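For reference, query.pdb (PDB, C-alpha atoms):
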```
ATOM      1  CA  MET A 173     -24.095  12.591 -30.251
ATOM      2  CA  LYS A 174     -23.355   8.884 -30.005
ATOM      3  CA  ARG A 175     -20.182   7.893 -28.234
ATOM      4  CA  ALA A 176     -18.302   4.633 -28.348
ATOM      5  CA  THR A 177     -17.972   2.819 -25.047
ATOM      6  CA  VAL A 178     -14.340   2.270 -24.129
ATOM      7  CA  GLY A 179     -12.485   0.727 -21.215
ATOM      8  CA  PRO A 180      -8.961  -0.049 -19.995
ATOM      9  CA  LEU A 181      -9.425  -3.808 -20.432
ATOM     10  CA  PRO A 182     -10.289  -5.875 -23.519
ATOM     11  CA  GLY A 183     -13.764  -7.177 -24.253
ATOM     12  CA  VAL A 184     -15.717  -3.898 -24.013
ATOM     13  CA  THR A 185     -16.582  -3.660 -27.719
ATOM     14  CA  GLN A 186     -18.498  -6.777 -28.739
ATOM     15  CA  ASP A 187     -20.417  -5.567 -31.813
ATOM     16  CA  ILE A 188     -19.732  -3.420 -34.863
ATOM     17  CA  ALA A 189     -21.045   0.133 -34.467
ATOM     18  CA  GLY A 190     -20.945   3.118 -36.837
ATOM     19  CA  PHE A 191     -20.495   6.764 -35.849
ATOM     20  CA  LYS A 192     -21.059   9.685 -38.195
ATOM     21  CA  ILE A 193     -18.356  12.300 -37.718
ATOM     22  CA  ALA A 194     -19.047  14.589 -40.712
ATOM     23  CA  HIS A 195     -22.019  15.565 -42.904
ATOM     24  CA  GLN A 196     -20.502  17.126 -46.024
ATOM     25  CA  PRO A 197     -19.223  14.759 -47.151
ATOM     26  CA  SER A 198     -20.716  12.052 -44.958
ATOM     27  CA  ILE A 199     -17.937  10.300 -43.061
ATOM     28  CA  TYR A 200     -18.446   7.384 -40.720
ATOM     29  CA  VAL A 201     -16.105   5.706 -38.269
ATOM     30  CA  LEU A 202     -16.554   2.036 -37.461
ATOM     31  CA  ASP A 203     -15.898   0.709 -33.968
ATOM     32  CA  THR A 204     -15.167  -3.001 -34.104
ATOM     33  CA  PRO A 205     -14.023  -5.571 -31.543
ATOM     34  CA  GLY A 206     -10.276  -5.985 -31.295
ATOM     35  CA  VAL A 207      -8.672  -8.871 -33.121
ATOM     36  CA  LEU A 208      -6.131 -11.093 -31.403
ATOM     37  CA  VAL A 209      -3.885 -13.647 -33.043
ATOM     38  CA  PRO A 210      -5.581 -17.074 -33.174
ATOM     39  CA  SER A 211      -2.771 -18.702 -31.212
ATOM     40  CA  ILE A 212      -0.061 -17.378 -28.901
ATOM     41  CA  PRO A 213       3.295 -18.921 -29.866
ATOM     42  CA  ASP A 214       4.950 -18.953 -26.436
ATOM     43  CA  ILE A 215       4.468 -18.074 -22.773
ATOM     44  CA  GLU A 216       6.484 -14.849 -22.901
ATOM     45  CA  THR A 217       4.390 -13.483 -25.764
ATOM     46  CA  GLY A 218       1.266 -14.284 -23.766
ATOM     47  CA  LEU A 219       2.653 -12.491 -20.714
ATOM     48  CA  LYS A 220       3.533  -9.435 -22.802
ATOM     49  CA  LEU A 221      -0.010  -9.317 -24.185
ATOM     50  CA  ALA A 222      -1.428  -9.699 -20.678
ATOM     51  CA  LEU A 223       0.840  -6.976 -19.305
ATOM     52  CA  ALA A 224      -0.253  -4.616 -22.085
ATOM     53  CA  GLY A 225      -3.889  -5.350 -21.249
ATOM     54  CA  SER A 226      -4.669  -7.210 -24.473
ATOM     55  CA  ILE A 227      -5.713 -10.263 -22.472
ATOM     56  CA  LYS A 228      -7.984 -10.066 -19.447
ATOM     57  CA  ASP A 229      -6.083 -10.187 -16.169
ATOM     58  CA  SER A 230      -8.318 -12.987 -14.922
ATOM     59  CA  VAL A 231      -6.994 -15.288 -17.661
ATOM     60  CA  VAL A 232      -3.373 -15.094 -16.500
ATOM     61  CA  GLY A 233      -3.725 -13.652 -12.991
ATOM     62  CA  GLU A 234      -2.556 -10.275 -11.692
ATOM     63  CA  ASP A 235       0.051 -11.933  -9.468
ATOM     64  CA  ARG A 236       1.771 -13.701 -12.350
ATOM     65  CA  ILE A 237       1.609 -10.623 -14.587
ATOM     66  CA  SER A 238       3.211  -8.527 -11.838
ATOM     67  CA  GLN A 239       5.947 -11.118 -11.379
ATOM     68  CA  TYR A 240       6.700 -10.910 -15.083
ATOM     69  CA  LEU A 241       6.790  -7.100 -14.966
ATOM     70  CA  LEU A 242       9.216  -7.184 -12.037
ATOM     71  CA  ALA A 243      11.391  -9.704 -13.881
ATOM     72  CA  VAL A 244      11.515  -7.388 -16.911
ATOM     73  CA  LEU A 245      12.368  -4.334 -14.797
ATOM     74  CA  ASN A 246      15.074  -6.184 -12.874
ATOM     75  CA  THR A 247      16.809  -7.813 -15.836
ATOM     76  CA  ARG A 248      16.894  -4.462 -17.644
ATOM     77  CA  GLY A 249      18.132  -2.593 -14.574
ATOM     78  CA  THR A 250      15.280  -0.094 -14.852
ATOM     79  CA  PRO A 251      15.296   0.869 -11.126
ATOM     80  CA  PHE A 252      18.902   2.066 -11.527
ATOM     81  CA  HIS A 253      17.733   4.301 -14.367
ATOM     82  CA  TRP A 254      15.020   5.705 -12.088
ATOM     83  CA  LYS A 255      17.669   6.523  -9.493
ATOM     84  CA  ASN A 256      19.780   8.427 -12.015
ATOM     85  CA  SER A 257      16.930  10.307 -13.694
ATOM     86  CA  ASN A 258      14.907  11.107 -10.572
ATOM     87  CA  ASN A 259      17.610  11.409  -7.954
ATOM     88  CA  ARG A 260      16.244  14.328  -5.923
ATOM     89  CA  ARG A 261      12.787  12.885  -5.298
ATOM     90  CA  MET A 262      14.184   9.435  -4.561
ATOM     91  CA  GLU A 263      16.450  10.923  -1.903
ATOM     92  CA  GLY A 264      13.394  11.712   0.151
ATOM     93  CA  ILE A 265      11.919  15.074  -0.829
ATOM     94  CA  GLN A 266       8.529  15.279   0.861
ATOM     95  CA  TYR A 267       5.500  17.465   0.316
ATOM     96  CA  GLU A 268       2.699  18.771   2.435
ATOM     97  CA  ALA A 269      -0.738  18.180   0.995
ATOM     98  CA  GLU A 270      -3.108  21.122   1.024
ATOM     99  CA  GLU A 271      -5.972  18.863   2.000
ATOM    100  CA  LYS A 272      -6.380  15.377   3.353
ATOM    101  CA  VAL A 273      -8.020  13.113   0.808
ATOM    102  CA  ASP A 274      -8.603   9.382   0.847
ATOM    103  CA  TYR A 275      -7.337   7.788  -2.330
ATOM    104  CA  SER A 276      -7.960   4.385  -3.815
ATOM    105  CA  LEU A 277      -6.942   2.447  -6.897
ATOM    106  CA  LYS A 278      -9.532   4.360  -8.958
ATOM    107  CA  ASN A 279      -7.749   7.658  -8.272
ATOM    108  CA  LEU A 280      -4.808   6.529 -10.397
ATOM    109  CA  ARG A 281      -6.952   6.343 -13.527
ATOM    110  CA  PRO A 282      -7.646   9.507 -15.520
ATOM    111  CA  SER A 283     -11.071  11.075 -15.121
ATOM    112  CA  ARG A 284     -12.903  12.973 -17.849
ATOM    113  CA  ARG A 285     -15.272  14.789 -15.545
ATOM    114  CA  LYS A 286     -12.932  16.695 -13.268
ATOM    115  CA  LEU A 287      -9.313  17.722 -13.302
ATOM    116  CA  PRO A 288      -7.031  16.299 -10.603
ATOM    117  CA  THR A 289      -6.247  18.603  -7.702
ATOM    118  CA  LYS A 290      -2.717  19.601  -6.754
ATOM    119  CA  SER A 291      -2.903  17.291  -3.750
ATOM    120  CA  HIS A 292      -3.927  14.408  -5.986
ATOM    121  CA  VAL A 293      -1.036  15.037  -8.386
ATOM    122  CA  LEU A 294       1.453  15.239  -5.523
ATOM    123  CA  TYR A 295      -0.003  12.099  -3.958
ATOM    124  CA  VAL A 296       0.478  10.102  -7.159
ATOM    125  CA  GLU A 297       3.989  11.491  -7.674
ATOM    126  CA  ASP A 298       4.930  10.570  -4.126
ATOM    127  CA  LEU A 299       3.395   7.107  -4.512
ATOM    128  CA  VAL A 300       5.390   6.513  -7.697
ATOM    129  CA  THR A 301       8.570   7.666  -5.956
ATOM    130  CA  GLU A 302       7.922   5.287  -3.055
ATOM    131  CA  VAL A 303       7.477   2.404  -5.495
ATOM    132  CA  GLN A 304      10.620   3.329  -7.410
ATOM    133  CA  CYS A 305      12.612   3.622  -4.180
ATOM    134  CA  ALA A 306      11.374   0.222  -3.008
ATOM    135  CA  LEU A 307      12.418  -1.485  -6.239
ATOM    136  CA  TYR A 308      15.733   0.361  -6.403
ATOM    137  CA  SER A 309      16.638  -0.525  -2.802
ATOM    138  CA  THR A 310      15.850  -4.214  -3.177
ATOM    139  CA  LEU A 311      17.682  -4.474  -6.498
ATOM    140  CA  SER A 312      20.764  -2.589  -5.273
ATOM    141  CA  GLU A 313      21.004  -4.938  -2.262
ATOM    142  CA  PHE A 314      20.576  -8.041  -4.419
ATOM    143  CA  ASN A 315      23.670 -10.253  -4.369
ATOM    144  CA  GLY A 316      22.377 -13.151  -6.437
ATOM    145  CA  ASN A 317      22.628 -14.013 -10.101
ATOM    146  CA  MET A 318      19.989 -12.273 -12.196
ATOM    147  CA  GLU A 319      20.202 -15.023 -14.806
ATOM    148  CA  ASP A 320      19.453 -17.692 -12.205
ATOM    149  CA  GLU A 321      15.697 -18.259 -12.077
ATOM    150  CA  SER A 322      15.715 -19.214  -8.386
ATOM    151  CA  ASP A 323      17.677 -16.105  -7.385
ATOM    152  CA  LEU A 324      15.382 -13.905  -9.456
ATOM    153  CA  GLU A 325      12.321 -15.420  -7.768
ATOM    154  CA  VAL A 326      13.801 -14.626  -4.338
ATOM    155  CA  LEU A 327      14.378 -11.018  -5.402
ATOM    156  CA  ILE A 328      10.828 -10.688  -6.730
ATOM    157  CA  GLU A 329       9.393 -12.003  -3.444
ATOM    158  CA  GLN A 330      11.420  -9.390  -1.556
ATOM    159  CA  GLN A 331      10.134  -6.719  -3.910
ATOM    160  CA  PHE A 332       6.520  -7.738  -3.336
ATOM    161  CA  GLU A 333       7.066  -7.196   0.390
ATOM    162  CA  ALA A 334       8.712  -3.833  -0.278
ATOM    163  CA  LEU A 335       5.883  -2.796  -2.612
ATOM    164  CA  GLN A 336       3.300  -3.691   0.005
ATOM    165  CA  LYS A 337       4.961  -1.253   2.417
ATOM    166  CA  ALA A 338       5.411   1.417  -0.264
ATOM    167  CA  LEU A 339       1.756   1.173  -1.296
ATOM    168  CA  LYS A 340       0.703   1.108   2.378
ATOM    169  CA  ILE A 341      -1.349  -2.048   2.022
ATOM    170  CA  PRO A 342      -2.118  -3.786   5.338
ATOM    171  CA  ASN A 343      -1.036  -7.377   5.804
ATOM    172  CA  LYS A 344      -3.930  -9.550   4.643
ATOM    173  CA  GLY A 345      -2.151 -12.551   3.168
ATOM    174  CA  CYS A 346      -3.254 -13.476  -0.355
ATOM    175  CA  GLU A 347      -5.606 -10.503  -0.480
ATOM    176  CA  ALA A 348      -2.710  -8.112   0.144
ATOM    177  CA  ARG A 349      -0.690  -9.763  -2.616
ATOM    178  CA  LEU A 350      -3.555  -9.269  -5.054
ATOM    179  CA  MET A 351      -3.967  -5.611  -4.051
ATOM    180  CA  VAL A 352      -0.240  -4.997  -4.523
ATOM    181  CA  SER A 353      -0.370  -6.593  -7.965
ATOM    182  CA  LYS A 354      -3.389  -4.560  -9.063
ATOM    183  CA  LYS A 355      -1.956  -1.228  -7.913
ATOM    184  CA  PHE A 356       1.453  -1.975  -9.381
ATOM    185  CA  LEU A 357      -0.071  -2.911 -12.742
ATOM    186  CA  THR A 358      -2.223   0.225 -12.683
ATOM    187  CA  LEU A 359       0.855   2.410 -12.209
ATOM    188  CA  PHE A 360       2.522   0.690 -15.156
ATOM    189  CA  ARG A 361      -0.481   0.766 -17.489
ATOM    190  CA  THR A 362      -1.295   4.412 -16.797
ATOM    191  CA  GLY A 363       2.268   5.386 -17.682
ATOM    192  CA  LYS A 364       3.237   6.529 -14.186
ATOM    193  CA  LEU A 365       6.376   4.373 -14.216
ATOM    194  CA  GLY A 366       7.450   5.759 -17.581
ATOM    195  CA  PRO A 367       7.332   4.538 -21.197
ATOM    196  CA  PHE A 368       8.371   0.972 -21.924
ATOM    197  CA  ILE A 369       9.036  -1.234 -24.931
ATOM    198  CA  LEU A 370       8.424  -4.843 -23.971
ATOM    199  CA  ASP A 371      10.078  -6.308 -27.052
ATOM    200  CA  ASP A 372      13.856  -6.457 -27.131
ATOM    201  CA  VAL A 373      15.246  -3.573 -29.150
ATOM    202  CA  PRO A 374      18.055  -4.663 -31.497
ATOM    203  CA  GLU A 375      21.393  -3.064 -30.815
ATOM    204  CA  ALA A 376      22.385  -0.371 -33.276
ATOM    205  CA  ASN A 377      25.462  -1.081 -35.336
ATOM    206  CA  PRO A 378      28.195   1.486 -34.632
ATOM    207  CA  LEU A 379      29.029   3.785 -37.503
ATOM    208  CA  SER A 380      32.340   2.967 -39.091
TER     209      SER A 380
END
```
As structure tokens, what does this structure read like?
Amino acid sequence: MKRATVGPLPGVTQDIAGFKIAHQPSIYVLDTPGVLVPSIPDIETGLKLALAGSIKDSVVGEDRISQYLLAVLNTRGTPFHWKNSNNRRMEGIQYEAEEKVDYSLKNLRPSRRKLPTKSHVLYVEDLVTEVQCALYSTLSEFNGNMEDESDLEVLIEQQFEALQKALKIPNKGCEARLMVSKKFLTLFRTGKLGPFILDDVPEANPLS
């Protein structure tokens, strides 16, 4: 049986391909390249598309995409929501892994061939908690003005340092920054940080 090639980033499908999924009656499914708007109206729209993976990371840069994601999380106060909804784990509940396994960025992506072990699941949960704690701590200690671009940039730089420690990435200068960005984006795109709507949701009018 023919299978369509898929991937987490755009640009995988480059030709039109047909797949027969039924014989009586004959039903075909077409796999076509994705279509993007011919022009992006503003920078924020472009960053949203890049964050969602609709634009290759190399076009915008993982560092800049991660900065935008942190800005969105901070201005919405998302780390405070994590604290309220996941209080017990964020207070430092630890686990003991049944086996010692070396994990990398690839371990955060779902695999079709084998189910994740209990140690793997606990590792990812603990990693997510460490990231959430790092962002919550830096945001709760922030004394600046969130609407001031300079203050927000200072906060984001502090959060990059905190994320590097949470993700246990050794200090390697620019290389470490890139690794932090890639892992942070992977956690977001695989849904580990929770569901998000990047567009502003209009406020509901109260019932009279």
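Considering all atoms listed in the file, the residue among A:Gly366, A:Pro182, A:Gly206, A:Gly249 positioned nearest to Gly225 of chain A is A:Pro182.
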Selection: 12 Å around Asp229 of chain A, all atoms listed in the file, excl. self and same-chain fewer than 3 positions, as a count of residues only: 25
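On the file presented, the PyMOL selection byres ((chain A and resi 188) around 9) picks out Thr185, Gln186, Asp187, Ala189, Gly190, Leu202, Asp203, Thr204 and Pro205 of chain A.
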File of the preceding selection, C-alpha atoms, as a PDB file, in the frame of the given file:
```pdb
ATOM      1  CA  THR A 185     -16.582  -3.660 -27.719  1.00  0.00           C
ATOM      2  CA  GLN A 186     -18.498  -6.777 -28.739  1.00  0.00           C
ATOM      3  CA  ASP A 187     -20.417  -5.567 -31.813  1.00  0.00           C
ATOM      4  CA  ALA A 189     -21.045   0.133 -34.467  1.00  0.00           C
ATOM      5  CA  GLY A 190     -20.945   3.118 -36.837  1.00  0.00           C
ATOM      6  CA  LEU A 202     -16.554   2.036 -37.461  1.00  0.00           C
ATOM      7  CA  ASP A 203     -15.898   0.709 -33.968  1.00  0.00           C
ATOM      8  CA  THR A 204     -15.167  -3.001 -34.104  1.00  0.00           C
ATOM      9  CA  PRO A 205     -14.023  -5.571 -31.543  1.00  0.00           C
TER      10      PRO A 205
END
```
With the file shown as input, list the residues that the PyMOL selection byres ((chain A and resi 312-319) around 12) selects, as a ChimeraX atom specification. /A:242-253,255,304-311,320-331
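Taking atom CA of Phe332 of chain A and atom CA of Ile212 of chain A as the two end points, the separation is 28.1 Å.
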Of the residues A:Ser257, A:Ser211, A:Gln239, A:Ser230, which is the one nearest to Phe356 of chain A, using all atoms listed in the file? A:Gln239
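Among the candidate residues A:Cys346, A:Leu359, A:Met351, A:Leu370, the one lying nearest to Leu299 of chain A is A:Leu359, with distances computed using only C-alpha atoms.
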